[in-house]
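> Take this structure first; my questions come after.
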Amino acid sequence: MRHTKLLLILMLSFSLLTGCWDKVEINQLAIVTMVGMDYDHASNRYTAFYQVINPKGLASNKGGTAAPLYTYHIKRKDIASTHLEAFDILPRVLFPDHIQGIMVSQRLAEKGLKDFINFIERQPNRRSNIPVLVTSDSLEQAMKTYTPLESIPGVDLRSLIKMQSKQSGKVSEKNQVLDLSESMETGSLVFLPMIRLIPGGNLRGNMEGLNDIDANQGNFRLDGTVLMKYGKMVGMLNGKDSALLHFAKGQSTEFFKAVHYDENKKVVLKSMIKPRIHKELVMEENKPVMKLRVNAALQIYDSNANVVLTQSTLKKMQKAFDREVQQNLDELVDKSKRKGWDLFDIQGQLKMKREDNWKKGGYWRKVQVRTEVNSAIRNVGNLTNPYKGG
Amino acid sequence: MKNQGSPPFNQEDFFTALSARLGHPPDLIKHTFLLGEKLWATCIFLHTLIDVKRIETFVFEHLMTEQKAEKSRQHGMSYFQKEIPMSDITFEQSYKDCADYLLLGNCLLFINGEAGFLVIEAEDIPERSIAEPQTEPSVRGPKDGFTENVMTNLSLVRSRLRTQEFRVVKSYIGSKSKTKLLLCYLNDTANMKVVKELQDKLEKIKIDSLLDSAYIEELITDKPFNPFPVFLNTERPDVAVSHLTEGRVVLLTEGTPVCIIAPVTFFQFFNAVEDYYQKAVISSLMRMLRILAFMLAVFIPSLYIAITTYHQAILPTNLLISLSAQREGVPFPAFVEAMLMMIVFEIIREAGIRMPRVAGQAISIVGALVLGQAAVEAGLVSPAMVIVVSLTAISNFVSPSYSFSSVQRLLQYGYMCLGAFMGLFGILCGVLYTLLYLVSLESFGTPYFAPVTPLSFKDLKDTVIRVPWPWLKKLPSMNHLQRKRR
Amino acid sequence: MEQAILSRWQFFLLTFNVTFGTAFFIRPGGLIAIGKQDAWVLPLIGGVAGLLMALLWLGLASLYPQKNIIEICRESAGKAGIFFALLYIWYFIEIASWVTRNLGDFMQVVLMPKTPKSVFHMMFLLVAAYAVIKGINAISRLSEFLSPIMYSVFLFVGVVLIRDWDTDKVKPILDTEIWQSFWNSNSIIGFPFVEPILLLMLFSYAPNKGGKRIFLLGIGLTALALSLVVFITVGTIGITRASHLIYPIFTMIQEVQLASFIEHMEATIIIIWLFSIFIKLAIALYCATIAICHLSGIPNRTGIVIPLSILVAGLALTIHTNVIETMDWDKNYSFWYHIVFGIYIPAFLLLITFVKRRFKKNNGLPHGKLGGGIRNEK
């Protein structure tokens with residue numbers, strides 16, 4: 001018995017020698033921080049860009065000698081081979097777990113991201129909670145841009161998006177791969193941030209621009225959102241509209257609006273917390289109507305008029321805010337109807353209805369949106385009355 | 001010996017034979033003195049084992065009067081037994097154990113013409129004075145520690161435990177060393193099964209010399225390869241007494257200040273003596289800290305290997321990048337690097353223990369500066385690995401029990417190999433194996449992982465946390481004691 | 001055989017771990033694909049069915065106190081009972097190999113794609129065989145030690161997921177054809193609710209008081225817990241994604257973001273979840289082993305469990321070629337296969353026992369010796 005045991009243990013320890021299949025040393029990894037995907041109709045080819053970190057360069061970046069990252073690109077007929085054949089040029093193991101963002105070109109977005117999304121979701125080591133960005137400029141140039149302050153462009157873009165969605169609501173928080181795949185079957189809209197390039201030094205793909213104090217040169221800029229439906233780009237919204245939209249959907253906290261409440265009297269109002277949203281689907285005179293009520297708590301951010309703040313002025317301001325926002329919203333509703341975009345996610349509301357007749361396909365187009373805005377100024381800032389001065 | 005048996009025989013021959021039996025040692029003293037007229041007495045003893053002064057005062061000086069010689073003629077040996085002003089005197093008639101009596105520190109008194117002899121206990125072994133225990137210092141609490149003299153130790157225990165129920169059983173173990181063992185327990189509390197089992201096992205011990213209580217630990221276990229200690233050991237009388245009152249059995253051993261205590265559970269190795277002298281909240285936190293340190297010591301190197309070679313995805317991006325940059329250019333795989341550093345550390349540590357104190361500083365300078373810094377600068381190891389190894393080393397020292405910290409090291413290396421083989425999954429298998437081993441281990445009938453499993457809520461009050469004394473009214477139930485309340 | 005009495009808590013944990021063990025990460029995806037936003041009802045219905053089955057087993061067991069299922073088979077059906085006993089042994093072995101296979105599939109898909117499955121199988125089976133050698137006490141103590149850790153991690157994940165919770169995703173509640181979806185997902189009765197029949201091997205170690213109630217409680221709570229898992233999955237990652245992913249739970253934790261530094265914690269959590277797979281495997285292997293011990297009369301577990309685990313390792317590799325095949329089998333045949341062991345055989349044994357006891361009473365034979373009746377039946 002003793003010998004059997006010994007033999008067993010020996011055999012098992014031999015099996016340890018067979019090796020470590022998944023083992024890879026940390027310095028053999030090509031840590032990808034951003035992936036770009038482009039599609040060229042003419043040649044019918046996908047181009048994948050991999051922005052790979054050079055850890056040593058990043059660590060010694062203070063001296064500014066070595067490049068913190070390198071961008072590889074592979075042009076192949078299908079998406080899988082752009083990944084599989086990356087080893088033609090990559091001397092290290094592709095490590096996609098830490099991708100910070102995915103950037104696609106506008107032409108690919110217009111063609112549809114279905115295949116790409118499916119590919120990402122199938123790979124367990126590719127996370128789906130990373131933002132997808134669309135650029136209307138050259139993807140190649142975008143992938144070869146160094147960013148100031150945040151030396152990794154992926155991180156730079158990600159925090160840019162995060163700040164934007166928190167601060168101004170111009171970008172939706174729901175801009176990730178998982179939102180796209182979620183919408184693949186529901187048909188609701190997904191709002192992806194649009195990236196544009198400011199021409200300048202860094203775009204040249206070397207680091208000289210980083211030594212220039214002008215951070216505006218050769219940098220990324222968020223510019224509105226791209227609307228995706230079933231994984232396909234259907235249109236664009238400018239920053240102002242999308243900020244309003246996300247505010248009205250209760251997704252963003254901060255929303256600025258300059259309103260005129262008397263002649264020449266302008267006040268900038270800012271919402272303090274996420275507005276409370278009431279959505280309700282009702283039948284009015286045999287017509288389906290979605291009532292959208294926005295209750296906002298506001299703060300005075302800036303005011304140009306020399307007025308003493310009184311209850312009545314505040315009321316005026318609130319009313320002006322309600323009126324103007326509602327007006328803008330109605331314009332947005334019109335636009336939505338005109339272009340056939342389900343901006344206010346009527347389909348999502350319809351889905352929650354129990355009666356079957358609400359659930360017919362395309363029924364949402366018949367639904368009218370009626371908006372209502374109620375606001376209250378809760379905070380006037382640190383100043384009751386402005387200084388007079390000249 | 002030839003002349004065993006009945007008196008009177010030629011005493012001179014007997015003395016010579018006795019001396020020859022011991023090989024005519026230089027410390028064997030045979031002193032013949034005149035009691036009275038024609039009445040000779042002979043004292044034999046090993047002067048290295050006994051207090052010669054007392055013999056001189058209370059035997060020689062005291063007996064050398066004519067009056068007493070006269071009386072002894074009338075009453076025989078039994079008169080001396082009463083007359084000598086020493087406490088432990090027995091009258092023996094069998095001569096065959098004489099040599100053993102001498103070796104156990106007795107003085108033998110013969111009177112010419114009389115049958116039998118007196119065995120006068122006057123043992124006095126050079127001993128060091130009671131000092132603060134080196135291995136278990138405490139900031140607050142008693143400062144005395146056990147010494148090598150078992151009777152001194154017993155007196156330290158007794159002075160703290162003045163109950164009638166305190167029982168001490170004496171036995172000698174070792175065919176050559178004849179080491180004195182004292183088995184102590186409380187008659188009304190201790191689990192008598194444990195006492196019985198221990199006694200049985202002690203009786204079965206066959207060994208020539210027993211120099212430390214560690215021998216017993218290994219001699220009476222059923223699993224000789226079990227690396228986990230099933231005895232608690234301590235040099236502190238207060239710890240021994242606290243365990244006695246909780247119904248455990250304490251074994252005091254001659255010749256070592258370390259006593260052993262059974263039964264013991266896994267979680268008791270995280271209890272330091274000071275836990276009971278500090279506020280309950282503080283000591284609970286300290287215990288959690290110790291458990292954390294234990295986990296760190298056991299898992300940090302293996303987790304580092306597993307994560308950096310298999311599961312890089314776990315790391316936050318910035319950490320991943322900086323680790324990756326650090327490892328750039330390191331020639332060895334992480335596992336070899338870790339093994340190398342750990343073994344180097346073990347060498348430094350062993351050297352630190354074995355070196356004479358005076359040279360100790362040199363070791364730390366060489367270890368810290370030359371090996372640590374230079375290895376990193378030369379690019380042999382990554383700075384992160386140095387951090388990992390030193391964190392492990394420091395955590396290793398937190399364990400209050402030395403025997404337990406050695407097991408930690410064993411586990412460390414095992415998990416490191418498994419982590420290098422299969423990443424976290426390998427470590428998981430190792431952990432499951434260890435846990436299975438631990439939960440099926442028992443220390444004299446008490447499950448090793450009690451009271452966590454088998455779960456007993458009442459006993460949890462003094463395990464990972466310690467509740468204040470007023471709440472600790474019950475004795476631990478996991479030990480199956482005779483009493484439930486304190 | 002071993003001498004052991006498990007505490008109630010230990011027995012409960014064994015039941016719960018056997019039932020909940022692997023089901024929680026395998027079941028939700030399929031259930032959500034069928035039941036949509038009301039998928040959380042399905043485990044509840046399945047649980048009720050499971051409880052009814054459990055009552056059947058308990059009824060059988062109470063006719064033979066202190067006997068395990070193998071002994072019950074032999075005592076009730078005599079020689080033919082050996083056939084049933086062999087069937088059960090096969091079933092236990094099969095459960096063990098399913099569990100092993102689930103582990104391999106899961107590990108390979110989510111954590112270590114290049115490592116061959118058999119390596120995971122062998123390493124886990126090795127430790128499980130060690131657990132079997134150590135005995136039921138060690139297994140139940142291990143589960144007692146690990147379960148609190150495991151389930152507090154569950155709880156932690158649940159709390160963290162509140163951030164991503166969206167009530168709209170589970171609305172409208174109870175709007176689908178639940179009975180229809182239940183019939184489509186009837187395999188949930190088989191897996192996991194027939195599997196606690198394993199515990200019928202362990203009833204002789206059950207606590208003296210309330211063992212049966214605890215058994216039922218374990219099954220009932222599993223149903224609730226599964227339902228909760230499904231509910232949370234639907235509410236956080238939504239129907240669309242959950243029904244497309246093989247392991248939605250994995251994806252769910254993969255996307256958990258507590259703070260920027262607690263982002264990629266899936267590997268850690270998965271490793272902790274493997275505890276539950278291990279406990280289930282150890283119990284299945286243990287039950288198969290002692291079942292063989294009982295039938296063959298060999299008291300030495302070590303000699304049986306080692307070849308048995310090699311068999312299980314082999315079966316686990318060949319039982320299905322991939323996850324899709326497993327899913328297909330599950331959808332089409334699993335229900336019918338499982339209820340053979342969960343309902344048909346126990347009901348048959350119960351019937352025989354009733355008939356036989358009746359018969360014996362009429363004959364005025366002393367109660368308890370059942371051996372004689374069988375020959376008469378023939």
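Naming works like this for the structure tokens: A, B, ... for the chains as they're shown, residue 1 at the start of each chain, ligands 1 onward in shown order.
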Per residue of chain B within 12 Å of chain C, note the shortest atom pair and the distance in Å to one decimal, counting only C-alpha atoms, and order the rows by chain and increasing residue number, as a tab-separated table.

```
residue	atom	partner	partner_atom	distance
B:Leu303	CA	C:Thr268	CA	10.6
B:Ala306	CA	C:Ala267	CA	11.1
B:Ile307	CA	C:Ala267	CA	9.5
B:Thr309	CA	C:Met112	CA	11.5
B:Tyr310	CA	C:Met112	CA	8.0
B:His311	CA	C:Ala267	CA	7.3
B:Gln312	CA	C:His264	CA	9.5
B:Ala313	CA	C:His264	CA	6.4
B:Ile314	CA	C:His264	CA	4.8
B:Leu315	CA	C:His264	CA	6.9
B:Pro316	CA	C:Phe261	CA	5.7
B:Thr317	CA	C:Phe261	CA	8.6
B:Asn318	CA	C:Phe261	CA	9.3
B:Leu319	CA	C:Phe261	CA	9.5
B:Leu320	CA	C:Phe261	CA	11.5
B:Leu418	CA	C:Met123	CA	10.7
B:Phe421	CA	C:Val119	CA	10.8
B:Met422	CA	C:Thr115	CA	8.9
B:Gly423	CA	C:Met112	CA	9.0
B:Leu424	CA	C:Ile271	CA	7.0
B:Phe425	CA	C:Ile271	CA	6.8
B:Gly426	CA	C:Met123	CA	8.0
B:Ile427	CA	C:Ile271	CA	9.5
B:Leu428	CA	C:Ile271	CA	7.0
B:Cys429	CA	C:Phe124	CA	6.7
B:Gly430	CA	C:Val127	CA	8.4
B:Val431	CA	C:Val127	CA	9.9
B:Leu432	CA	C:Val127	CA	7.1
B:Tyr433	CA	C:Val127	CA	5.9
B:Thr434	CA	C:Val127	CA	9.7
B:Leu435	CA	C:Leu142	CA	6.8
B:Leu436	CA	C:Ala138	CA	6.0
B:Tyr437	CA	C:Lys134	CA	8.0
B:Leu438	CA	C:Ala138	CA	8.7
B:Val439	CA	C:Ala138	CA	5.8
B:Ser440	CA	C:Ala138	CA	5.2
B:Leu441	CA	C:Ala138	CA	8.9
B:Glu442	CA	C:Ala138	CA	11.1
B:Pro447	CA	C:Arg141	CA	9.9
B:Tyr448	CA	C:Arg141	CA	10.8
B:Phe449	CA	C:Arg141	CA	8.7
B:Ala450	CA	C:Arg141	CA	9.7
B:Pro451	CA	C:Phe145	CA	10.3
B:Val452	CA	C:Phe145	CA	6.8
B:Thr453	CA	C:Arg141	CA	5.5
B:Pro454	CA	C:Arg141	CA	6.1
B:Leu455	CA	C:Glu144	CA	7.6
B:Ser456	CA	C:Ser7	CA	10.2
B:Phe457	CA	C:Trp9	CA	11.7
```
> Excluding Ser336 in chain A and residues on its chain fewer than 2 positions from it, collect all residues at most 12 Å away from it, counting only C-alpha atoms, and give them as a PDB file with C-alpha atoms, in the first residue's frame.

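Produced file result.pdb, reproduced below:
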```pdb
ATOM      1  CA  LEU A 189     -31.066  53.452 -29.938  1.00  0.00           C
ATOM      2  CA  LEU A 227     -27.028  56.993 -33.190  1.00  0.00           C
ATOM      3  CA  VAL A 234     -28.508  55.778 -38.454  1.00  0.00           C
ATOM      4  CA  GLY A 235     -27.636  59.347 -37.738  1.00  0.00           C
ATOM      5  CA  MET A 236     -25.901  61.927 -35.601  1.00  0.00           C
ATOM      6  CA  LEU A 237     -26.932  64.307 -32.888  1.00  0.00           C
ATOM      7  CA  ASP A 241     -29.321  67.959 -28.551  1.00  0.00           C
ATOM      8  CA  SER A 242     -27.859  64.918 -26.940  1.00  0.00           C
ATOM      9  CA  LEU A 245     -32.017  64.278 -24.591  1.00  0.00           C
ATOM     10  CA  LEU A 329     -37.734  69.075 -26.362  1.00  0.00           C
ATOM     11  CA  ASP A 330     -40.633  69.445 -28.713  1.00  0.00           C
ATOM     12  CA  GLU A 331     -38.227  70.305 -31.482  1.00  0.00           C
ATOM     13  CA  LEU A 332     -36.332  67.155 -30.646  1.00  0.00           C
ATOM     14  CA  VAL A 333     -39.552  65.159 -30.731  1.00  0.00           C
ATOM     15  CA  ASP A 334     -40.269  66.542 -34.149  1.00  0.00           C
ATOM     16  CA  ARG A 338     -39.078  63.148 -38.982  1.00  0.00           C
ATOM     17  CA  LYS A 339     -36.015  60.976 -39.059  1.00  0.00           C
ATOM     18  CA  GLY A 340     -37.660  57.887 -37.675  1.00  0.00           C
ATOM     19  CA  TRP A 341     -35.433  57.700 -34.617  1.00  0.00           C
ATOM     20  CA  ASP A 342     -36.827  56.376 -31.417  1.00  0.00           C
ATOM     21  CA  LEU A 343     -34.982  58.951 -29.353  1.00  0.00           C
ATOM     22  CA  PHE A 344     -37.217  58.744 -26.321  1.00  0.00           C
ATOM     23  CA  ASP A 345     -37.189  54.964 -26.213  1.00  0.00           C
ATOM     24  CA  ILE A 346     -40.885  54.557 -26.787  1.00  0.00           C
ATOM     25  CA  TRP A 364     -44.088  53.149 -31.695  1.00  0.00           C
ATOM     26  CA  ARG A 365     -44.149  55.396 -34.721  1.00  0.00           C
ATOM     27  CA  VAL A 367     -47.147  57.157 -30.447  1.00  0.00           C
ATOM     28  CA  GLN A 368     -47.152  60.873 -29.825  1.00  0.00           C
ATOM     29  CA  VAL A 369     -44.802  62.325 -27.291  1.00  0.00           C
TER      30      VAL A 369
END
```
> Quick one: DSSP helix (DSSP H, G or I) residues in range 117-223 of chain B, as a PyMOL selection string?
chain B and resi 150-158+192-204+213-219
> Keeping only C-alpha atoms, take the residues you just selected and write them out as a short mmCIF file (atom, residue, chain, number, x, y, z; two decimals), in the first residue's frame.

```
data_model
loop_
_atom_site.label_atom_id
_atom_site.label_comp_id
_atom_site.auth_asym_id
_atom_site.auth_seq_id
_atom_site.Cartn_x
_atom_site.Cartn_y
_atom_site.Cartn_z
CA VAL B 150 10.57 21.20 36.52
CA MET B 151 9.87 21.70 40.20
CA THR B 152 10.44 25.42 39.94
CA ASN B 153 8.01 25.41 37.06
CA LEU B 154 5.48 23.52 39.08
CA SER B 155 5.79 26.05 41.86
CA LEU B 156 5.18 28.84 39.35
CA VAL B 157 2.01 27.07 38.25
CA ARG B 158 0.85 26.18 41.72
CA MET B 192 -10.54 12.58 31.66
CA LYS B 193 -10.41 10.80 28.32
CA VAL B 194 -7.70 13.16 27.21
CA VAL B 195 -5.80 12.64 30.48
CA LYS B 196 -6.09 8.90 30.13
CA GLU B 197 -5.07 8.92 26.49
CA LEU B 198 -2.04 11.07 27.25
CA GLN B 199 -1.01 8.87 30.14
CA ASP B 200 -1.34 5.75 28.05
CA LYS B 201 0.65 7.24 25.26
CA LEU B 202 3.34 8.50 27.61
CA GLU B 203 3.70 5.06 29.09
CA LYS B 204 4.25 3.57 25.68
CA SER B 213 9.20 18.51 25.18
CA ALA B 214 9.34 18.55 21.38
CA TYR B 215 10.35 14.87 21.58
CA ILE B 216 7.06 14.05 23.21
CA GLU B 217 5.08 15.87 20.54
CA GLU B 218 6.62 13.68 17.91
CA LEU B 219 6.66 10.50 19.95
#
```
> If the cut-off is 9 Å, can you tell me the residues of chain A near chain B, counting only C-alpha atoms? I'd like them as a list in words.
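Using only C-alpha atoms, chain A residues at most 9 Å from chain B: Leu16, Leu17, Gly19, Cys20, Trp21, Asp22, Lys23, Val24, Glu25, Ile26, Asn27, Gln28, Leu29, Ile31, Ile53, Asn54, Pro55, Lys56, Gly57, Leu58, Ala59, Phe95, Pro96, Asp97, His98 and Asn125 of chain A.
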> Find the nearest atom pair between each residue of chain A and chain C for residues within 8 Å, count only C-alpha atoms, give distances in Å to one decimal, sort rows by chain and ascending number, and present the table as a Markdown table.

```
| residue | atom | partner | partner_atom | distance |
| --- | --- | --- | --- | --- |
| A:Cys20 | CA | C:Thr115 | CA | 7.5 |
| A:Trp21 | CA | C:Thr115 | CA | 5.1 |
| A:Asp22 | CA | C:Lys114 | CA | 5.5 |
| A:Pro124 | CA | C:Val110 | CA | 5.6 |
| A:Asn125 | CA | C:Val110 | CA | 7.4 |
| A:Arg127 | CA | C:Gln254 | CA | 7.1 |
| A:Ser128 | CA | C:Glu255 | CA | 7.3 |
| A:Asn129 | CA | C:Glu255 | CA | 5.9 |
| A:Leu178 | CA | C:Arg241 | CA | 7.9 |
| A:Ser181 | CA | C:Arg241 | CA | 6.8 |
| A:Glu182 | CA | C:Thr240 | CA | 5.6 |
| A:Ser183 | CA | C:Thr240 | CA | 7.9 |
| A:Glu185 | CA | C:Thr240 | CA | 6.7 |
| A:Thr186 | CA | C:Thr240 | CA | 7.7 |
| A:Lys351 | CA | C:Pro172 | CA | 7.7 |
| A:Met352 | CA | C:Pro172 | CA | 4.9 |
| A:Lys353 | CA | C:Pro172 | CA | 6.8 |
| A:Arg354 | CA | C:Asp175 | CA | 6.5 |
```
> With C-alpha atoms retained, write the just-selected residues as a CSV table (one decimal), in the first residue's frame.

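What follows is the written file result-v6.csv:
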```
chain,number,residue,atom,x,y,z
A,20,CYS,CA,1.6,25.1,-18.1
A,21,TRP,CA,-0.5,25.7,-21.2
A,22,ASP,CA,-1.9,29.1,-20.3
A,124,PRO,CA,-14.3,35.5,-22.9
A,125,ASN,CA,-11.2,37.5,-22.5
A,127,ARG,CA,-14.8,42.6,-21.9
A,128,SER,CA,-18.0,44.1,-23.1
A,129,ASN,CA,-18.1,47.0,-20.7
A,178,LEU,CA,-22.8,45.6,-24.0
A,181,SER,CA,-25.4,44.0,-28.0
A,182,GLU,CA,-28.4,44.6,-25.8
A,183,SER,CA,-29.9,46.8,-28.4
A,185,GLU,CA,-32.6,42.7,-30.6
A,186,THR,CA,-34.7,45.4,-28.9
A,351,LYS,CA,-42.6,46.5,-24.1
A,352,MET,CA,-43.7,47.0,-20.6
A,353,LYS,CA,-47.3,47.2,-21.5
A,354,ARG,CA,-49.4,44.1,-20.9
```
> Got a sec to tell me which of range 2-122 of chain A DSSP assigns to strand (DSSP E or B), as a VMD selection string?
chain A and resid 29 to 40 45 to 53 69 to 76 93 to 95 101 to 105
> If you count only C-alpha atoms, which residues fall within 10 Å of Leu216 in chain C, apart from same-chain ones fewer than 2 positions away, as a PyMOL selection string?
chain C and resi 12+15-16+50-52+54-55+58+196+211-214+218-222
> Restricting it to C-alpha atoms, dump the selection as a PDB file, in the first residue's frame.

```pdb
ATOM      1  CA  PHE C  12     -28.469  21.499   5.490  1.00  0.00           C
ATOM      2  CA  THR C  15     -28.269  19.410   0.729  1.00  0.00           C
ATOM      3  CA  PHE C  16     -28.043  22.994  -0.377  1.00  0.00           C
ATOM      4  CA  GLY C  50     -38.528  18.980  -6.480  1.00  0.00           C
ATOM      5  CA  LEU C  51     -40.135  19.154  -3.051  1.00  0.00           C
ATOM      6  CA  LEU C  52     -42.857  16.744  -4.126  1.00  0.00           C
ATOM      7  CA  ALA C  54     -38.292  14.759  -2.147  1.00  0.00           C
ATOM      8  CA  LEU C  55     -41.433  13.830  -0.208  1.00  0.00           C
ATOM      9  CA  LEU C  58     -38.526  10.613   2.218  1.00  0.00           C
ATOM     10  CA  PRO C 196     -30.420  15.666  -4.039  1.00  0.00           C
ATOM     11  CA  GLY C 211     -33.091  15.609   9.284  1.00  0.00           C
ATOM     12  CA  LYS C 212     -35.974  15.314   6.881  1.00  0.00           C
ATOM     13  CA  ARG C 213     -37.221  18.811   7.401  1.00  0.00           C
ATOM     14  CA  ILE C 214     -33.735  20.120   6.812  1.00  0.00           C
ATOM     15  CA  GLY C 218     -32.394  22.752   1.561  1.00  0.00           C
ATOM     16  CA  ILE C 219     -34.279  21.975  -1.635  1.00  0.00           C
ATOM     17  CA  GLY C 220     -36.789  24.751  -1.058  1.00  0.00           C
ATOM     18  CA  LEU C 221     -34.100  27.326  -0.427  1.00  0.00           C
ATOM     19  CA  THR C 222     -32.258  26.238  -3.540  1.00  0.00           C
TER      20      THR C 222
END
```
